[in-house]
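Scroll down for the structure; my scribbles are underneath it.
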Amino acid sequence: MNYETMIGLWTQQEDLFKRWKTDLLGQTEVLRLAVETALGPPAEHWEEPETGKKHRYVDIVDITKKEMPRGEGLSREALTPNGALVFGISITLERAPDQHPKNFYQVNLMAKYDDNRPEYAFFDPKHLEDAEWTSDVDQILAMIFEQVEGYFSINPYLGPREELEIGFLKKH
């Protein structure tokens, strides 16, 4: 092997990993769009009254950051050593478009490629090895909505909310 050959191998590897990361990020958008399509939120973006910044009602957030900036992409920390990308799908809820502050609920997920096909699972840092991966977008969508429905079906008169297996975060 000579230097030029090594440069060629390195370049191919760098290009492949760059394309893989781009495709993996694209899979988060596939899932975000599936959630958005299923929910059918308002078509217009909502606007922050303080800054005038506009946001989607269903968005991807970086769950590896304390402050989860909306719509600003995912950081390097979102990629795990085993090749999974962790992210949140945040859903903005409101009683009326002009109501502020908005309520944000988030489901934490992972995406990865296995044997050239995208797969999705819930992200639970305590049970990474036990994650149930699926390549079926409709199946993960049904699982997401099952979790959401369970979360919003708690009756506080019957007792306190138990900690869920799959965590939801609410920002006030």
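How things are named: the first chain in the structure tokens is A, the next is B, and so on; residues count from 1 in each chain; ligands count from 1 in the order shown.
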Margin query: Can you tell me, as a PyMOL selection string, which residues in stretch 68-149 of chain A count as helix (DSSP H, G or I) by DSSP?
Written below: chain A and resi 76-78+125-130+137-149
For the contact check between stretch 83-134 of chain A and stretch 10-20 of chain A, emit one row per residue of stretch 83-134 of chain A within 10 Å, containing the shortest atom pair and the distance in Å rounded to one decimal, counting only C-alpha atoms, chain then rising number order, as a Markdown table.
```
| residue | atom | partner | partner_atom | distance |
| --- | --- | --- | --- | --- |
| A:Gly83 | CA | A:Trp20 | CA | 9.9 |
| A:Lys112 | CA | A:Trp20 | CA | 9.7 |
| A:Tyr113 | CA | A:Trp20 | CA | 8.7 |
| A:Asn116 | CA | A:Trp20 | CA | 10.0 |
```
Since we have the selection now, will you write its residues out, keeping N, CA, C and O atoms, as a PDB file, in the first residue's frame?
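And here's again_32.pdb as it stands now:
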```
ATOM      1  N   GLY A  83     -23.901   3.374  16.596  1.00  0.00           N
ATOM      2  CA  GLY A  83     -24.450   3.788  15.317  1.00  0.00           C
ATOM      3  C   GLY A  83     -25.911   4.160  15.304  1.00  0.00           C
ATOM      4  O   GLY A  83     -26.523   4.246  14.241  1.00  0.00           O
ATOM      5  N   LYS A 112     -31.553   3.946  13.301  1.00  0.00           N
ATOM      6  CA  LYS A 112     -30.281   3.353  12.889  1.00  0.00           C
ATOM      7  C   LYS A 112     -30.513   2.615  11.582  1.00  0.00           C
ATOM      8  O   LYS A 112     -31.653   2.451  11.133  1.00  0.00           O
ATOM      9  N   TYR A 113     -29.431   2.187  10.990  1.00  0.00           N
ATOM     10  CA  TYR A 113     -29.502   1.307   9.819  1.00  0.00           C
ATOM     11  C   TYR A 113     -29.026  -0.069  10.240  1.00  0.00           C
ATOM     12  O   TYR A 113     -28.050  -0.206  10.967  1.00  0.00           O
ATOM     13  N   ASN A 116     -28.721  -2.310   5.721  1.00  0.00           N
ATOM     14  CA  ASN A 116     -29.130  -1.324   4.724  1.00  0.00           C
ATOM     15  C   ASN A 116     -30.578  -0.846   4.830  1.00  0.00           C
ATOM     16  O   ASN A 116     -31.080  -0.217   3.901  1.00  0.00           O
TER      17      ASN A 116
END
```
Notebook entry, point to check: Taking the backbone alone, and naming residues the way the document does, which bits of stretch 7-167 of chain A are strand (DSSP E or B) by DSSP, as number ranges by chain?
Noted result: A: 46-47, 54-55, 58-61, 70, 79, 85-93, 103-114, 117-122, 134
Counting only C-alpha atoms, what is within 10 Å of A:Pro97, bar same-chain residues fewer than 2 positions away, as an mmCIF file with C-alpha atoms, in the first residue's frame?
```
data_model
loop_
_atom_site.group_PDB
_atom_site.id
_atom_site.type_symbol
_atom_site.label_atom_id
_atom_site.label_comp_id
_atom_site.auth_asym_id
_atom_site.auth_seq_id
_atom_site.Cartn_x
_atom_site.Cartn_y
_atom_site.Cartn_z
ATOM 1 C CA PRO A 42 -52.297 23.478 11.745
ATOM 2 C CA GLU A 44 -49.067 27.357 9.564
ATOM 3 C CA HIS A 45 -46.090 27.510 11.885
ATOM 4 C CA TRP A 46 -46.617 28.987 15.330
ATOM 5 C CA GLU A 47 -44.664 32.083 16.284
ATOM 6 C CA LEU A 93 -50.096 21.637 21.912
ATOM 7 C CA GLU A 94 -52.260 24.687 22.412
ATOM 8 C CA ARG A 95 -55.830 25.567 23.205
ATOM 9 C CA GLN A 99 -52.343 31.102 23.401
ATOM 10 C CA HIS A 100 -48.935 31.351 25.072
ATOM 11 C CA LYS A 102 -47.331 26.692 24.325
#
```
Item checked: atom CA of A:Asp59 to atom CA of A:Ser135, distance in Å rounded to a single decimal -> 20.8 Å
Notebook entry, point to check: Quick one: distance from atom CA of A:Phe122 to atom CA of A:Gln147 in Å, one decimal?
Noted result: 10.3 Å
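Of the residues under consideration (A:Ala131, A:Met6, A:Ser75, A:Val137), A:Val137 shows the shortest atom-to-atom contact distance to A:Gln27 when counting only C-alpha atoms.
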